[in-house]
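Raw contents of model.pdb, PDB, C-alpha atoms and all ligand atoms:
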ATOM      1  CA  MET S   1    -129.005 107.677  11.068  1.00  0.00           C
ATOM      2  CA  SER S   2    -129.304 106.833  14.714  1.00  0.00           C
ATOM      3  CA  PRO S   3    -132.550 107.700  16.503  1.00  0.00           C
ATOM      4  CA  ARG S   4    -130.388 109.330  19.193  1.00  0.00           C
ATOM      5  CA  MET S   5    -129.129 112.029  16.837  1.00  0.00           C
ATOM      6  CA  LEU S   6    -130.800 115.412  16.693  1.00  0.00           C
ATOM      7  CA  PRO S   7    -131.901 116.140  13.125  1.00  0.00           C
ATOM      8  CA  ALA S   8    -129.722 118.891  11.662  1.00  0.00           C
ATOM      9  CA  GLY S   9    -132.803 120.983  10.876  1.00  0.00           C
ATOM     10  CA  ASP S  10    -133.843 120.932  14.554  1.00  0.00           C
ATOM     11  CA  ASP S  11    -130.383 121.791  15.875  1.00  0.00           C
ATOM     12  CA  PRO S  12    -130.259 125.476  16.859  1.00  0.00           C
ATOM     13  CA  ILE S  13    -126.518 125.572  16.133  1.00  0.00           C
ATOM     14  CA  ARG S  14    -127.223 124.596  12.500  1.00  0.00           C
ATOM     15  CA  PRO S  15    -124.269 122.333  11.778  1.00  0.00           C
ATOM     16  CA  ALA S  16    -123.212 121.590   8.213  1.00  0.00           C
ATOM     17  CA  ALA S  17    -124.577 118.498   6.534  1.00  0.00           C
ATOM     18  CA  SER S  18    -122.972 115.348   7.916  1.00  0.00           C
ATOM     19  CA  THR S  19    -121.177 112.617   5.998  1.00  0.00           C
ATOM     20  CA  PRO S  20    -122.307 109.115   6.954  1.00  0.00           C
ATOM     21  CA  VAL S  21    -119.812 106.420   7.933  1.00  0.00           C
ATOM     22  CA  ALA S  22    -120.447 102.749   8.635  1.00  0.00           C
ATOM     23  CA  ILE S  23    -118.353 100.452  10.806  1.00  0.00           C
ATOM     24  CA  THR S  24    -118.871  96.933  12.065  1.00  0.00           C
ATOM     25  CA  LEU S  25    -118.692  95.829  15.681  1.00  0.00           C
ATOM     26  CA  ASP S  26    -118.160  92.070  15.878  1.00  0.00           C
ATOM     27  CA  GLY S  27    -119.706  91.870  12.428  1.00  0.00           C
ATOM     28  CA  GLU S  28    -122.762  94.013  13.201  1.00  0.00           C
ATOM     29  CA  ARG S  29    -123.094  97.077  10.968  1.00  0.00           C
ATOM     30  CA  LEU S  30    -123.318 100.383  12.850  1.00  0.00           C
ATOM     31  CA  GLU S  31    -123.855 103.760  11.255  1.00  0.00           C
ATOM     32  CA  GLY S  32    -122.490 107.097  12.370  1.00  0.00           C
ATOM     33  CA  ILE S  33    -121.260 110.374  10.963  1.00  0.00           C
ATOM     34  CA  ALA S  34    -117.776 111.514  10.004  1.00  0.00           C
ATOM     35  CA  GLY S  35    -115.987 112.991  12.994  1.00  0.00           C
ATOM     36  CA  GLN S  36    -117.569 110.701  15.578  1.00  0.00           C
ATOM     37  CA  SER S  37    -115.298 108.530  17.663  1.00  0.00           C
ATOM     38  CA  ILE S  38    -115.664 104.780  17.401  1.00  0.00           C
ATOM     39  CA  ALA S  39    -117.087 104.875  20.921  1.00  0.00           C
ATOM     40  CA  GLY S  40    -119.567 107.518  19.813  1.00  0.00           C
ATOM     41  CA  VAL S  41    -120.806 105.349  16.965  1.00  0.00           C
ATOM     42  CA  ILE S  42    -121.124 102.356  19.283  1.00  0.00           C
ATOM     43  CA  LEU S  43    -122.942 104.329  21.989  1.00  0.00           C
ATOM     44  CA  ALA S  44    -125.297 105.863  19.431  1.00  0.00           C
ATOM     45  CA  SER S  45    -126.286 102.326  18.428  1.00  0.00           C
ATOM     46  CA  GLY S  46    -127.485 101.758  21.988  1.00  0.00           C
ATOM     47  CA  GLN S  47    -124.679  99.438  23.102  1.00  0.00           C
ATOM     48  CA  LEU S  48    -123.029 100.403  26.384  1.00  0.00           C
ATOM     49  CA  GLY S  49    -120.663  97.512  27.114  1.00  0.00           C
ATOM     50  CA  PHE S  50    -118.185  96.371  24.487  1.00  0.00           C
ATOM     51  CA  ARG S  51    -115.244  95.032  26.469  1.00  0.00           C
ATOM     52  CA  ARG S  52    -115.020  92.388  29.192  1.00  0.00           C
ATOM     53  CA  THR S  53    -112.775  92.636  32.210  1.00  0.00           C
ATOM     54  CA  SER S  54    -109.913  90.166  32.403  1.00  0.00           C
ATOM     55  CA  ALA S  55    -110.599  88.884  35.909  1.00  0.00           C
ATOM     56  CA  ALA S  56    -114.375  88.552  36.123  1.00  0.00           C
ATOM     57  CA  GLY S  57    -115.523  89.038  32.534  1.00  0.00           C
ATOM     58  CA  ARG S  58    -117.719  91.974  33.506  1.00  0.00           C
ATOM     59  CA  PRO S  59    -118.862  94.389  30.797  1.00  0.00           C
ATOM     60  CA  ARG S  60    -117.095  97.697  30.305  1.00  0.00           C
ATOM     61  CA  GLY S  61    -117.575 100.526  27.861  1.00  0.00           C
ATOM     62  CA  ILE S  62    -117.013 104.233  28.170  1.00  0.00           C
ATOM     63  CA  PHE S  63    -115.928 105.448  31.592  1.00  0.00           C
ATOM     64  CA  CYS S  64    -113.815 108.591  31.253  1.00  0.00           C
ATOM     65  CA  GLY S  65    -114.311 109.290  27.548  1.00  0.00           C
ATOM     66  CA  ILE S  66    -111.016 111.196  27.429  1.00  0.00           C
ATOM     67  CA  GLY S  67    -108.413 108.459  26.998  1.00  0.00           C
ATOM     68  CA  VAL S  68    -107.402 108.007  30.626  1.00  0.00           C
ATOM     69  CA  CYS S  69    -109.110 104.867  31.947  1.00  0.00           C
ATOM     70  CA  PHE S  70    -108.548 102.378  29.083  1.00  0.00           C
ATOM     71  CA  ASP S  71    -111.976 100.830  29.713  1.00  0.00           C
ATOM     72  CA  CYS S  72    -112.951 101.234  26.060  1.00  0.00           C
ATOM     73  CA  MET S  73    -110.226  99.106  24.434  1.00  0.00           C
ATOM     74  CA  VAL S  74    -111.176  97.459  21.158  1.00  0.00           C
ATOM     75  CA  GLU S  75    -109.441  95.976  18.155  1.00  0.00           C
ATOM     76  CA  VAL S  76    -109.718  98.084  14.974  1.00  0.00           C
ATOM     77  CA  ASP S  77    -108.836  96.591  11.598  1.00  0.00           C
ATOM     78  CA  GLY S  78    -106.583  94.051  13.309  1.00  0.00           C
ATOM     79  CA  ALA S  79    -104.808  96.530  15.607  1.00  0.00           C
ATOM     80  CA  ARG S  80    -105.330  95.677  19.272  1.00  0.00           C
ATOM     81  CA  ASP S  81    -105.675  97.958  22.292  1.00  0.00           C
ATOM     82  CA  VAL S  82    -107.228 100.931  20.525  1.00  0.00           C
ATOM     83  CA  ARG S  83    -109.088 103.315  22.830  1.00  0.00           C
ATOM     84  CA  ALA S  84    -112.475 103.653  21.146  1.00  0.00           C
ATOM     85  CA  CYS S  85    -113.066 107.050  22.738  1.00  0.00           C
ATOM     86  CA  GLN S  86    -109.908 108.460  21.150  1.00  0.00           C
ATOM     87  CA  ARG S  87    -110.158 107.058  17.620  1.00  0.00           C
ATOM     88  CA  ARG S  88    -112.315 108.622  14.938  1.00  0.00           C
ATOM     89  CA  ALA S  89    -114.527 106.203  13.089  1.00  0.00           C
ATOM     90  CA  VAL S  90    -113.483 105.692   9.488  1.00  0.00           C
ATOM     91  CA  ASP S  91    -115.911 104.277   6.967  1.00  0.00           C
ATOM     92  CA  GLY S  92    -115.368 100.529   6.774  1.00  0.00           C
ATOM     93  CA  ASN S  93    -113.580 100.078  10.118  1.00  0.00           C
ATOM     94  CA  ALA S  94    -113.898  96.508  11.393  1.00  0.00           C
ATOM     95  CA  VAL S  95    -114.069  96.773  15.176  1.00  0.00           C
ATOM     96  CA  THR S  96    -113.957  93.739  17.421  1.00  0.00           C
ATOM     97  CA  THR S  97    -114.389  93.549  21.162  1.00  0.00           C
ATOM     98  CA  GLN S  98    -111.506  92.447  23.365  1.00  0.00           C
ATOM     99  CA  HIS S  99    -111.332  90.105  26.311  1.00  0.00           C
ATOM    100  CA  ASP S 100    -107.940  89.019  27.542  1.00  0.00           C
ATOM    101  CA  ALA S 101    -107.393  86.572  30.353  1.00  0.00           C
ATOM    102  CA  LEU S 102    -105.065  87.726  33.105  1.00  0.00           C
ATOM    103  CA  PRO S 103    -101.523  86.398  32.740  1.00  0.00           C
ATOM    104  CA  VAL S 104    -100.587  83.689  35.208  1.00  0.00           C
ATOM    105  CA  PRO S 105     -97.366  84.501  37.051  1.00  0.00           C
ATOM    106  CA  PRO S 106     -94.750  81.778  37.360  1.00  0.00           C
ATOM    107  CA  SER S 107     -95.137  79.735  40.536  1.00  0.00           C
ATOM    108  CA  SER S 108     -91.958  81.279  42.043  1.00  0.00           C
ATOM    109  CA  GLU S 109     -93.628  84.726  42.003  1.00  0.00           C
ATOM    110  CA  ARG S 110     -96.687  83.388  43.789  1.00  0.00           C
ATOM    111  CA  GLY S 111     -94.643  82.438  46.836  1.00  0.00           C
ATOM    112  CA  GLY S 112     -94.276  78.723  46.450  1.00  0.00           C
ATOM    113  CA  SER S 113     -94.838  75.754  44.266  1.00  0.00           C
ATOM    114  CA  ASP S 114     -98.408  74.608  44.192  1.00  0.00           C
ATOM    115  CA  ASP S 115     -98.249  72.817  40.860  1.00  0.00           C
TER     116      ASP S 115
HETATM  117  S1  LIG B   1    -113.323 105.670  28.051  1.00  0.00           S
HETATM  118 FE1  LIG B   1    -111.569 105.967  29.239  1.00  0.00          FE
HETATM  119  S2  LIG B   1    -109.955 105.642  27.827  1.00  0.00           S
HETATM  120 FE2  LIG B   1    -111.727 105.501  26.605  1.00  0.00          FE
END
File written out as structure tokens:
Amino acid sequence: MSPRMLPAGDDPIRPAASTPVAITLDGERLEGIAGQSIAGVILASGQLGFRRTSAAGRPRGIFCGIGVCFDCMVEVDGARDVRACQRRAVDGNAVTTQHDALPVPPSSERGGSDD
């Protein structure tokens, strides 16, 4: 269990007992509970950045958390471009980070031939 989780006994709402799930992020085992998003499991592990921007390679993670910004894209069990904030973690998910280089337009679209 993550140290960031409130123990069920201390939670005034008294939720039902949770079912643990375990996923991997780039091979590292992360633990969460059933119902958490993949992003939730990753954030609970203390990792904030799990994608790199195409242009500058800067770290990105959760921005909107509601499926609008696409900053949280990861690959899940071989499927690319999954929004981690919108996908529930399933026990055994193999999550890998994504970094895609920007496509290079053909020289005719760049306004000349500079090859
Ligand atoms: S954080 Fe914005 S789409 Fe996932």
Who sits within 10 Å of Glu28 of chain S, only C-alpha atoms, same chain under 6 positions skipped, as an mmCIF file with C-alpha atoms, in the frame of the given file:
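Output saved as around04.cif:
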data_model
loop_
_atom_site.group_PDB
_atom_site.id
_atom_site.type_symbol
_atom_site.label_atom_id
_atom_site.label_comp_id
_atom_site.auth_asym_id
_atom_site.auth_seq_id
_atom_site.Cartn_x
_atom_site.Cartn_y
_atom_site.Cartn_z
ATOM 1 C CA ALA S 94 -113.898 96.508 11.393
ATOM 2 C CA VAL S 95 -114.069 96.773 15.176
ATOM 3 C CA THR S 96 -113.957 93.739 17.421
#
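Near Ile66 of chain S, within 12 Å and counting only C-alpha atoms, sit Ser37, Ala39, Cys72, Arg83, Ala84, Cys85, Gln86 and Arg87 of chain S, not including residues fewer than 6 positions from it in the same chain.
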Item to complete: Identify all residues satisfying the PyMOL selection byres (((not hetatm)) within 12 of (chain B and resi 1)) in the given file; provide them as an MDAnalysis selection string.
Response: chainID S and resid 37:40 43 48:51 60:74 81:87
Item to complete: Please write as number ranges by chain the full residue list that the PyMOL selection byres (((chain S and resi 99) around 8) and not hetatm) yields on this file.
Response: S: 51-54, 57, 97-98, 100-101
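Every polymer residue reaching to within 12 Å of (-119.7, 119.5, 4.4), counting all atoms listed in the file, appears in this list: Pro15, Ala16, Ala17, Ser18, Thr19, Pro20, Ile33, Ala34 and Gly35 of chain S.
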Restrict the selected residues to C-alpha atoms and save them as a compact mmCIF listing (two decimals), keeping the file's coordinate frame.
# COMPACT_ATOMS: atom_id res chain seq x y z
CA PRO S 15 -124.27 122.33 11.78
CA ALA S 16 -123.21 121.59 8.21
CA ALA S 17 -124.58 118.50 6.53
CA SER S 18 -122.97 115.35 7.92
CA THR S 19 -121.18 112.62 6.00
CA PRO S 20 -122.31 109.12 6.95
CA ILE S 33 -121.26 110.37 10.96
CA ALA S 34 -117.78 111.51 10.00
CA GLY S 35 -115.99 112.99 12.99
Practice prompt. State, in Å with one decimal place, the distance from atom CA of Ile13 of chain S to atom CA of Ala44 of chain S.
Written response: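 Atom-to-atom, atom CA of Ile13 of chain S to atom CA of Ala44 of chain S, that is 20.0 Å.
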